[in-house]
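Data from coords17.tsv: TSV, C-alpha atoms and all ligand atoms
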```
chain	number	residue	atom	x	y	z
X	21	MET	CA	-7.40	-45.77	254.55
X	22	LYS	CA	-7.70	-47.28	258.00
X	23	LYS	CA	-6.68	-45.28	261.06
X	24	ARG	CA	-3.62	-47.49	261.66
X	25	THR	CA	-2.31	-46.55	258.23
X	26	ARG	CA	-3.36	-42.90	258.45
X	27	VAL	CA	-1.30	-42.23	261.57
X	28	THR	CA	1.83	-43.56	259.87
X	29	HIS	CA	1.24	-41.52	256.68
X	30	LEU	CA	0.32	-38.11	258.09
X	31	PRO	CA	-0.89	-35.34	255.80
X	32	GLY	CA	1.87	-32.99	254.64
X	33	VAL	CA	1.53	-29.27	255.36
X	34	SER	CA	2.99	-26.82	252.90
X	35	LEU	CA	3.10	-23.05	253.20
X	36	PRO	CA	2.14	-20.68	250.37
X	37	PRO	CA	5.35	-19.34	248.70
X	38	ASP	CA	4.71	-15.81	250.06
X	39	ASN	CA	4.15	-17.04	253.63
X	40	ARG	CA	7.30	-17.88	255.62
X	41	PRO	CA	8.08	-18.68	259.25
X	42	LEU	CA	10.31	-16.02	260.83
X	43	VAL	CA	12.26	-18.72	262.67
X	44	ALA	CA	13.41	-21.56	260.42
X	45	PRO	CA	11.71	-24.88	261.23
X	46	ILE	CA	13.60	-27.87	262.61
X	47	TYR	CA	13.85	-30.51	259.87
X	48	GLN	CA	13.58	-33.37	262.35
X	49	SER	CA	13.56	-35.96	259.59
X	50	VAL	CA	16.18	-38.61	258.90
X	51	LYS	CA	14.98	-39.25	255.35
X	52	PHE	CA	13.93	-37.05	252.44
X	53	THR	CA	12.24	-38.27	249.26
X	54	PHE	CA	12.25	-37.26	245.61
X	55	ASP	CA	9.32	-37.96	243.30
X	56	ASP	CA	10.96	-40.87	241.45
X	57	VAL	CA	14.05	-43.04	241.05
X	58	ALA	CA	15.46	-40.89	238.24
X	59	GLU	CA	15.51	-37.75	240.43
X	60	THR	CA	16.94	-39.76	243.35
X	61	GLN	CA	19.76	-40.98	241.12
X	62	LYS	CA	20.41	-37.46	239.85
X	63	TYR	CA	20.88	-36.44	243.49
X	64	PHE	CA	23.37	-39.27	244.06
X	65	ALA	CA	25.27	-38.24	240.93
X	66	LYS	CA	25.45	-34.67	242.36
X	67	LYS	CA	23.45	-33.44	239.33
X	68	ARG	CA	20.73	-31.83	241.45
X	69	ASP	CA	20.33	-30.20	244.88
X	70	GLY	CA	18.39	-31.70	247.72
X	71	PHE	CA	18.57	-33.88	250.78
X	72	TYR	CA	18.25	-37.63	251.14
X	73	TYR	CA	19.70	-38.89	254.44
X	74	SER	CA	20.46	-36.73	257.50
X	75	ARG	CA	23.80	-38.35	258.32
X	76	VAL	CA	24.98	-36.82	255.01
X	77	SER	CA	23.12	-33.50	255.20
X	78	ASN	CA	20.01	-31.87	256.57
X	79	PRO	CA	18.53	-28.37	255.96
X	80	THR	CA	18.69	-27.33	259.64
X	81	LEU	CA	22.35	-28.38	259.79
X	82	GLN	CA	23.08	-26.64	256.51
X	83	GLN	CA	21.74	-23.36	257.89
X	84	LEU	CA	24.03	-23.64	260.92
X	85	GLU	CA	27.01	-24.63	258.72
X	86	GLN	CA	26.56	-21.55	256.55
X	87	ALA	CA	26.15	-19.24	259.55
X	88	LEU	CA	29.30	-20.56	261.25
X	89	ALA	CA	31.42	-20.56	258.08
X	90	GLY	CA	30.45	-16.91	257.49
X	91	LEU	CA	31.34	-15.94	261.07
X	92	GLN	CA	34.76	-17.55	260.65
X	93	ASP	CA	35.36	-15.86	257.23
X	94	ARG	CA	35.47	-19.17	255.35
X	95	ASP	CA	33.05	-20.82	252.94
X	96	ALA	CA	32.43	-24.31	254.31
X	97	CYS	CA	31.75	-26.16	257.54
X	98	LEU	CA	31.11	-29.70	258.77
X	99	LEU	CA	29.13	-30.27	261.97
X	100	THR	CA	29.55	-33.02	264.53
X	101	ALA	CA	27.79	-34.12	267.72
X	102	SER	CA	30.57	-32.75	269.99
X	103	GLY	CA	33.64	-30.55	269.80
X	104	ILE	CA	36.03	-33.44	270.29
X	105	ALA	CA	34.34	-35.31	267.39
X	106	ALA	CA	35.11	-32.33	265.12
X	107	ILE	CA	38.79	-32.63	266.09
X	108	SER	CA	39.07	-36.45	265.97
X	109	ASP	CA	37.13	-36.72	262.68
X	110	THR	CA	39.33	-34.05	261.10
X	111	LEU	CA	42.50	-35.85	262.20
X	112	LEU	CA	41.19	-39.19	260.93
X	113	ALA	CA	40.15	-37.61	257.63
X	114	LEU	CA	43.52	-35.92	257.02
X	115	LEU	CA	46.07	-38.43	258.34
X	116	LYS	CA	47.39	-41.84	257.36
X	117	ALA	CA	49.97	-44.26	258.75
X	118	GLY	CA	53.47	-42.77	258.58
X	119	ASP	CA	52.29	-39.14	258.83
X	120	HIS	CA	53.77	-36.84	261.46
X	121	VAL	CA	51.79	-34.35	263.59
X	122	VAL	CA	53.01	-31.49	265.79
X	123	TYR	CA	50.86	-30.62	268.82
X	124	PHE	CA	51.36	-28.73	272.06
X	125	ALA	CA	51.48	-29.24	275.82
X	126	GLU	CA	49.14	-26.25	276.20
X	127	SER	CA	46.06	-27.90	274.75
X	128	TYR	CA	42.82	-29.66	275.63
X	129	PRO	CA	43.78	-33.00	277.28
X	130	PRO	CA	41.43	-35.22	275.18
X	131	THR	CA	42.95	-33.75	271.97
X	132	ARG	CA	46.43	-34.66	273.22
X	133	ALA	CA	45.29	-38.15	274.24
X	134	PHE	CA	43.64	-38.76	270.86
X	135	ILE	CA	46.80	-37.78	268.97
X	136	ARG	CA	49.20	-39.71	271.18
X	137	ARG	CA	47.20	-42.83	272.02
X	138	THR	CA	44.58	-43.37	269.32
X	139	LEU	CA	46.45	-42.08	266.28
X	140	GLY	CA	49.63	-43.71	267.61
X	141	ARG	CA	47.90	-47.10	267.26
X	142	PHE	CA	47.40	-46.37	263.55
X	143	GLY	CA	51.02	-45.50	262.89
X	144	VAL	CA	50.80	-41.70	263.07
X	145	THR	CA	53.82	-40.19	264.85
X	146	ALA	CA	53.61	-36.99	266.87
X	147	THR	CA	55.89	-34.44	268.55
X	148	MET	CA	54.66	-32.34	271.46
X	149	LEU	CA	56.12	-28.82	271.86
X	150	SER	CA	55.30	-25.59	273.68
X	151	VAL	CA	53.04	-23.34	271.61
X	152	THR	CA	55.05	-20.14	272.10
X	153	ASP	CA	58.43	-21.74	271.25
X	154	TYR	CA	58.55	-20.77	267.56
X	155	ALA	CA	62.24	-21.62	267.06
X	156	THR	CA	61.72	-25.27	268.08
X	157	LEU	CA	58.58	-25.47	265.93
X	158	GLU	CA	60.60	-24.26	262.93
X	159	GLN	CA	63.41	-26.73	263.69
X	160	THR	CA	61.02	-29.64	264.12
X	161	LEU	CA	59.18	-28.97	260.85
X	162	ALA	CA	62.49	-28.48	259.02
X	163	GLY	CA	63.78	-31.80	260.36
X	164	THR	CA	60.67	-33.99	259.97
X	165	PRO	CA	58.15	-33.80	257.10
X	166	THR	CA	54.90	-32.91	258.89
X	167	ARG	CA	51.32	-33.20	257.65
X	168	LEU	CA	49.58	-31.20	260.35
X	169	VAL	CA	50.15	-28.67	263.16
X	170	VAL	CA	47.33	-28.78	265.76
X	171	PHE	CA	47.14	-25.84	268.16
X	172	GLU	CA	44.89	-23.64	270.30
X	173	CYS	CA	44.65	-19.90	270.90
X	174	PRO	CA	44.15	-18.73	273.60
X	175	THR	CA	45.19	-21.99	275.21
X	176	ASN	CA	43.08	-23.87	277.72
X	177	PRO	CA	43.47	-23.43	280.72
X	178	VAL	CA	46.30	-20.87	281.09
X	179	LEU	CA	45.28	-18.52	278.25
X	180	ASN	CA	48.63	-18.29	276.48
X	181	VAL	CA	48.27	-16.39	273.23
X	182	ALA	CA	49.97	-18.02	270.23
X	183	ASP	CA	51.25	-15.79	267.41
X	184	LEU	CA	48.96	-16.91	264.58
X	185	GLU	CA	50.92	-15.15	261.85
X	186	ARG	CA	54.16	-16.84	262.90
X	187	ILE	CA	52.74	-20.34	263.39
X	188	THR	CA	50.84	-20.33	260.09
X	189	ALA	CA	53.87	-18.93	258.21
X	190	ILE	CA	56.20	-21.60	259.66
X	191	ALA	CA	53.71	-24.36	258.81
X	192	ARG	CA	53.20	-23.00	255.25
X	193	ARG	CA	56.97	-22.79	254.69
X	194	HIS	CA	57.33	-26.49	255.49
X	195	GLY	CA	54.19	-27.71	253.70
X	196	ALA	CA	52.17	-28.57	256.86
X	197	LEU	CA	48.45	-27.90	257.24
X	198	THR	CA	47.22	-26.04	260.34
X	199	LEU	CA	44.26	-26.99	262.53
X	200	LEU	CA	43.41	-24.29	265.09
X	201	ASP	CA	41.09	-25.28	267.93
X	202	ASN	CA	39.52	-21.81	268.12
X	203	THR	CA	36.99	-22.65	270.84
X	204	LEU	CA	38.21	-20.12	273.42
X	205	ALA	CA	38.35	-17.27	270.90
X	206	GLY	CA	34.91	-18.02	269.43
X	207	PRO	CA	34.03	-18.39	265.73
X	208	HIS	CA	34.03	-14.63	265.05
X	209	ASN	CA	37.76	-14.29	265.83
X	210	HIS	CA	40.97	-15.16	263.93
X	211	GLY	CA	39.40	-15.50	260.46
X	212	GLN	CA	41.94	-13.05	259.00
X	213	TYR	CA	44.86	-15.49	259.46
X	214	ASP	CA	46.16	-18.13	257.04
X	215	VAL	CA	44.73	-21.03	259.06
X	216	ASP	CA	43.61	-24.06	257.03
X	217	LEU	CA	41.01	-25.44	259.43
X	218	TYR	CA	39.29	-24.07	262.53
X	219	ALA	CA	37.72	-26.46	265.04
X	220	HIS	CA	35.10	-25.40	267.57
X	221	SER	CA	33.29	-26.92	270.48
X	222	LEU	CA	29.83	-25.42	269.86
X	223	THR	CA	28.98	-26.75	273.33
X	224	LYS	CA	30.64	-23.60	274.64
X	225	PHE	CA	29.89	-20.11	273.26
X	226	VAL	CA	27.51	-20.98	270.41
X	227	SER	CA	25.18	-22.96	272.64
X	228	GLY	CA	25.94	-20.50	275.44
X	229	HIS	CA	23.45	-22.11	277.79
X	230	GLY	CA	25.20	-25.34	278.76
X	231	ASP	CA	22.31	-27.47	277.48
X	232	VAL	CA	23.48	-28.82	274.12
X	233	MET	CA	26.67	-30.32	272.65
X	234	GLY	CA	28.05	-29.85	269.16
X	235	GLY	CA	31.22	-29.36	267.15
X	236	ALA	CA	32.29	-27.76	263.89
X	237	VAL	CA	35.27	-27.71	261.57
X	238	ILE	CA	35.46	-24.75	259.22
X	239	GLY	CA	37.70	-24.05	256.22
X	240	ARG	CA	37.85	-23.42	252.50
X	241	GLY	CA	35.33	-25.41	250.45
X	242	GLU	CA	37.76	-27.69	248.67
X	243	LEU	CA	39.51	-28.86	251.85
X	244	ILE	CA	36.20	-29.36	253.70
X	245	ASP	CA	34.78	-31.24	250.69
X	246	SER	CA	37.78	-33.58	250.73
X	247	MET	CA	36.81	-34.64	254.28
X	248	ARG	CA	33.04	-34.88	253.78
X	249	ASP	CA	32.86	-38.62	253.00
X	250	ASP	CA	35.09	-39.49	255.96
X	251	PHE	CA	32.83	-37.53	258.32
X	252	THR	CA	29.76	-39.28	256.88
X	253	HIS	CA	31.38	-42.69	257.38
X	254	LEU	CA	32.65	-41.93	260.90
X	255	GLY	CA	29.12	-40.87	261.75
X	256	PRO	CA	28.94	-38.60	264.86
X	257	THR	CA	26.23	-36.52	263.18
X	258	LEU	CA	24.69	-33.52	264.91
X	259	ASP	CA	20.98	-34.00	265.57
X	260	PRO	CA	18.68	-31.44	263.88
X	261	HIS	CA	17.13	-30.48	267.22
X	262	ALA	CA	20.61	-29.78	268.65
X	263	ALA	CA	21.39	-27.75	265.50
X	264	TYR	CA	18.21	-25.75	266.07
X	265	LEU	CA	19.22	-24.98	269.69
X	266	LEU	CA	22.68	-23.93	268.45
X	267	LEU	CA	21.08	-21.63	265.84
X	268	ARG	CA	19.00	-20.14	268.63
X	269	GLY	CA	22.12	-19.69	270.77
X	270	LEU	CA	23.87	-17.96	267.88
X	271	LYS	CA	21.32	-15.12	267.90
X	272	THR	CA	22.49	-13.96	271.34
X	273	TYR	CA	26.13	-14.95	270.76
X	274	PHE	CA	27.56	-11.40	270.55
X	275	VAL	CA	25.39	-10.06	273.39
X	276	ARG	CA	26.68	-12.82	275.67
X	277	TRP	CA	30.27	-12.60	274.42
X	278	ASP	CA	30.50	-8.83	274.97
X	279	CYS	CA	28.97	-9.06	278.44
X	280	GLN	CA	31.15	-12.02	279.48
X	281	CYS	CA	34.34	-10.32	278.22
X	282	ARG	CA	33.45	-7.16	280.20
X	283	ASN	CA	32.79	-9.19	283.34
X	284	ALA	CA	36.04	-11.16	282.86
X	285	LEU	CA	38.12	-7.96	282.62
X	286	ARG	CA	36.46	-6.61	285.76
X	287	ILE	CA	37.27	-9.86	287.62
X	288	ALA	CA	40.87	-9.95	286.37
X	289	GLU	CA	41.34	-6.34	287.51
X	290	PHE	CA	39.99	-7.27	290.95
X	291	LEU	CA	42.15	-10.39	291.28
X	292	VAL	CA	45.48	-8.65	290.44
X	293	THR	CA	44.98	-6.41	293.47
X	294	HIS	CA	44.33	-9.28	295.92
X	295	PRO	CA	47.20	-10.38	298.23
X	296	ALA	CA	46.19	-14.10	298.15
X	297	VAL	CA	46.61	-14.16	294.35
X	298	ALA	CA	50.15	-14.77	293.10
X	299	ARG	CA	49.48	-14.30	289.37
X	300	VAL	CA	46.55	-13.57	287.06
X	301	ARG	CA	46.41	-14.81	283.47
X	302	TYR	CA	44.05	-12.66	281.40
X	303	PRO	CA	45.17	-11.32	278.01
X	304	GLY	CA	43.14	-8.16	278.66
X	305	LEU	CA	45.53	-7.07	281.43
X	306	PRO	CA	48.34	-4.87	280.05
X	307	SER	CA	50.76	-6.86	282.27
X	308	ASP	CA	49.84	-10.19	280.62
X	309	PRO	CA	52.53	-11.63	278.29
X	310	GLY	CA	49.85	-12.21	275.61
X	311	HIS	CA	48.30	-8.73	275.80
X	312	ALA	CA	49.79	-7.10	272.69
X	313	LEU	CA	49.23	-10.19	270.53
X	314	ALA	CA	45.64	-10.66	271.73
X	315	GLN	CA	44.94	-6.98	271.08
X	316	ARG	CA	46.11	-7.45	267.49
X	317	GLN	CA	44.48	-10.83	266.89
X	318	MET	CA	41.09	-10.68	268.65
X	319	ASP	CA	38.15	-8.28	268.94
X	320	SER	CA	38.29	-8.61	272.71
X	321	PHE	CA	40.16	-10.60	275.36
X	322	GLY	CA	37.83	-13.48	276.10
X	323	THR	CA	35.64	-14.70	278.90
X	324	MET	CA	38.07	-16.92	280.82
X	325	VAL	CA	40.25	-15.79	283.71
X	326	THR	CA	42.96	-18.08	285.12
X	327	PHE	CA	44.95	-17.27	288.23
X	328	ASP	CA	47.32	-18.80	290.78
X	329	LEU	CA	46.58	-18.85	294.48
X	330	ALA	CA	49.78	-18.34	296.42
X	331	ALA	CA	48.67	-20.97	298.95
X	332	GLY	CA	48.50	-23.89	296.46
X	333	VAL	CA	46.32	-26.91	295.79
X	334	GLU	CA	44.41	-27.42	299.06
X	335	ALA	CA	43.65	-23.73	299.42
X	336	GLY	CA	42.40	-23.95	295.83
X	337	THR	CA	39.94	-26.68	296.81
X	338	ARG	CA	38.66	-24.71	299.83
X	339	PHE	CA	38.37	-21.54	297.74
X	340	SER	CA	36.54	-23.22	294.84
X	341	GLU	CA	34.11	-25.00	297.18
X	342	ALA	CA	33.40	-21.75	299.05
X	343	LEU	CA	32.25	-19.90	295.92
X	344	LYS	CA	28.46	-19.59	295.73
X	345	LEU	CA	27.87	-18.20	292.24
X	346	PHE	CA	30.65	-20.07	290.38
X	347	ALA	CA	29.56	-23.68	289.84
X	348	LEU	CA	32.29	-26.25	290.50
X	349	THR	CA	32.43	-27.96	287.11
X	350	SER	CA	34.26	-28.18	283.81
X	351	SER	CA	33.23	-26.66	280.49
X	352	LEU	CA	32.97	-22.96	279.71
X	353	GLY	CA	31.05	-20.31	277.83
X	354	SER	CA	27.75	-20.69	279.68
X	355	THR	CA	25.55	-17.86	280.97
X	356	GLU	CA	26.41	-18.96	284.53
X	357	SER	CA	29.94	-18.62	285.93
X	358	LEU	CA	32.01	-21.77	286.50
X	359	VAL	CA	35.18	-22.65	288.41
X	360	VAL	CA	37.71	-25.47	287.97
X	361	ALA	CA	39.83	-26.10	291.11
X	362	PRO	CA	43.62	-26.67	290.91
X	363	ALA	CA	43.20	-30.35	291.87
X	364	MET	CA	41.02	-30.81	288.74
X	365	LEU	CA	43.51	-29.06	286.42
X	366	GLN	CA	46.78	-30.92	287.11
X	367	PRO	CA	48.06	-32.59	283.92
X	368	ARG	CA	48.76	-36.31	284.07
X	369	GLY	CA	51.70	-38.11	282.45
X	370	PHE	CA	53.81	-35.00	281.78
X	371	THR	CA	57.60	-34.88	282.22
X	372	PRO	CA	58.85	-32.00	284.44
X	373	GLU	CA	59.77	-30.10	281.23
X	374	GLN	CA	56.28	-30.57	279.74
X	375	LEU	CA	54.72	-29.59	283.07
X	376	ALA	CA	56.69	-26.34	282.90
X	377	TRP	CA	55.39	-25.74	279.33
X	378	SER	CA	51.81	-26.35	280.49
X	379	ASP	CA	52.26	-23.42	282.91
X	380	ILE	CA	49.80	-25.07	285.33
X	381	GLY	CA	50.94	-24.61	288.94
X	382	PRO	CA	49.70	-26.13	292.23
X	383	GLY	CA	47.41	-23.12	292.82
X	384	THR	CA	46.07	-22.61	289.28
X	385	VAL	CA	42.30	-21.89	289.20
X	386	ARG	CA	40.29	-21.47	285.99
X	387	LEU	CA	37.18	-19.30	285.87
X	388	SER	CA	34.62	-19.22	283.08
X	389	VAL	CA	32.82	-15.92	283.54
X	390	GLY	CA	29.07	-15.73	282.96
X	391	ILE	CA	26.55	-12.93	282.45
X	392	GLU	CA	25.70	-12.30	286.12
X	393	ASP	CA	26.08	-8.82	287.60
X	394	PRO	CA	29.86	-8.28	287.92
X	395	ASP	CA	29.46	-6.75	291.41
X	396	ASP	CA	28.00	-10.04	292.65
X	397	LEU	CA	30.76	-12.08	291.01
X	398	VAL	CA	33.51	-9.92	292.55
X	399	ASP	CA	31.81	-10.12	295.98
X	400	ASP	CA	31.61	-13.91	295.70
X	401	LEU	CA	35.35	-14.13	294.85
X	402	ARG	CA	36.28	-11.67	297.62
X	403	GLU	CA	34.36	-13.64	300.25
X	404	ALA	CA	35.86	-16.99	299.20
X	405	LEU	CA	39.40	-15.50	299.13
X	406	ALA	CA	38.88	-14.09	302.64
X	407	LEU	CA	38.52	-17.67	303.96
X	408	LEU	CA	42.08	-18.66	302.88
X	501	LIG	C1	35.40	-28.25	275.40
X	501	LIG	C2	36.52	-28.20	274.48
X	501	LIG	C3	36.67	-29.18	273.49
X	501	LIG	C4	35.76	-30.39	273.37
X	501	LIG	O1	34.44	-30.04	273.10
X	501	LIG	P1	33.20	-31.00	273.51
X	501	LIG	O2	32.05	-30.28	272.89
X	501	LIG	O3	33.16	-31.05	275.00
X	501	LIG	O4	33.47	-32.33	272.91
X	501	LIG	C5	37.75	-29.06	272.62
X	501	LIG	N1	38.62	-28.04	272.71
X	501	LIG	C6	38.51	-27.08	273.65
X	501	LIG	C7	39.50	-25.98	273.68
X	501	LIG	C8	37.45	-27.12	274.56
X	501	LIG	O5	37.35	-26.16	275.50
```

Would you write out, as structure tokens, the structure that this file holds?
Ligand SMILES: *Cc1c(COP(=O)(O)O)cnc(C)c1O
Amino acid sequence: MKKRTRVTHLPGVSLPPDNRPLVAPIYQSVKFTFDDVAETQKYFAKKRDGFYYSRVSNPTLQQLEQALAGLQDRDACLLTASGIAAISDTLLALLKAGDHVVYFAESYPPTRAFIRRTLGRFGVTATMLSVTDYATLEQTLAGTPTRLVVFECPTNPVLNVADLERITAIARRHGALTLLDNTLAGPHNHGQYDVDLYAHSLTKFVSGHGDVMGGAVIGRGELIDSMRDDFTHLGPTLDPHAAYLLLRGLKTYFVRWDCQCRNALRIAEFLVTHPAVARVRYPGLPSDPGHALAQRQMDSFGTMVTFDLAAGVEAGTRFSEALKLFALTSSLGSTESLVVAPAMLQPRGFTPEQLAWSDIGPGTVRLSVGIEDPDDLVDDLREALALL
């Protein structure tokens, strides 16, 4: 063969069966082959295992799917290129024109926009409630046949803790499925509840390093299988290299989580004592309205701390800009600490009633706590607060 041909048909390398890499390789290949047409057709007929096209499945992705499903105490998982793709694909896979969805003011703004605007265009109706108002949830589901209840716990950004047992029982009673965006709790929490589907932004705690995006939806095999073709046809597939980075992040997941939760508690305990701070939202504080529930539902209280500056929105801007260790940006779950200023958090398009449900005030600041030394983080906060 000529060199031009040889470089496009490189020699394969195979390992002896008793010789394995300790870290799984990245299967950075779109296509996989079988020896002949008959075996290829057997694969299509689901009569043999294997891989054929990476938008459908890929060994590196399959390893991550199995790891995440196990962490969440379920048996199946579908991966996507971002967290919001996991949510939007799941909604598109489960809903049709005429279906009704219940969602909540205390949730990730793009999720709300997708339900209201995008799904609204396809004839899906939706009712927005407050996630801790269980009586109105019960009434709404009793009055309107509902396909799906979409919620978060703890909620972003104010860290309200929803009662998972109550919400799932109400939904079950009225024949609705539940989709829990479990991003802030992490995939090791909440598996013991009767939740049908868990969505995660892997961009956050699984990556952990702020350098890769990904999403996952996790549930029982039969429900996940019913959505598999829709996900393949919608197409926001996770790249194998991103899956590899997420698998690498997963190895230090608990080390980071434990450290970040410890640092967050330390910061919350500092903030409650500070005169410039009107209110601290951290479920780990015994004074927090979600404390008892979070203690029952989670292994720990999370890595986010939200608080209200008494002085309001402009003080919030000055404070956030004065911080040196907390980067002024969105997202969460990274090794470095991050801050979102009140001006960046204000919801748009809410009625006064919905604004009250969102619990976001003019001085609300959201911190994502990293793995730095907690003494340095507290000093940074103290110095920025002293400028107000
Ligand atoms: C970040 C986030 C998402 C979206 O995830 P991306 O990976 O950014 O697409 C969804 N839900 C919550 C609660 C999030 O924090």

(Q) As a quick test: using all atoms listed in the file, which residues lie no more than 7 Å away from ligand LIG 501 (chain X)? Give them as number ranges by chain. (A) X: 102-105, 127-128, 172, 176, 201-204, 220-224, 233-235, 351-352

**Q.** Test item: residues at most 8 Å from range 334-341 of chain X, all atoms listed in the file, excluding those fewer than 3 positions along its chain, as an MDAnalysis selection string
**A.** chainID X and resid 329 331 344 348 359:363 383:385 404:405 407:408

Q: Go through X:Arg286, X:Arg132, X:His210, X:Arg141 one by one, measure the shortest atom-to-atom distance of each to Leu401 in chain X using only C-alpha atoms, and give the residue with the smallest value.
A: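 Comparing X:Arg286, X:Arg132, X:His210, X:Arg141 against Leu401 in chain X, the winner is X:Arg286.
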
Q | Proximity to Thr166 in chain X - best of X:Thr198, X:Leu91, X:Val151, X:Arg186, all atoms listed in the file | A |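 Closest candidate: X:Thr198.
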
Q. What does the distance from CA of Cys279 in chain X to CA of Leu365 in chain X come to in Å, to one decimal?
A. 26.0 Å

Q) Residues at most 8 Å from range 53-59 of chain X, counting all atoms listed in the file, excluding those fewer than 5 positions away in the same chain, as a list of chain:residue names? A)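 In the requested format, the answer is X:Arg68, X:Phe71, X:Tyr72.
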
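Here the question is which of X:Thr175, X:Asn180, X:Ser388, X:Thr145 gets nearest to Phe346 in chain X using only C-alpha atoms, and that residue is X:Ser388.
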
Q | X:Arg368, X:Arg240, X:Arg316, X:Lys271 ranked by distance to Ala89 in chain X, top pick (using only C-alpha atoms) | A | X:Arg240

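Going from CA of Ile135 in chain X over to CA of His194 in chain X, you cover 20.5 Å.
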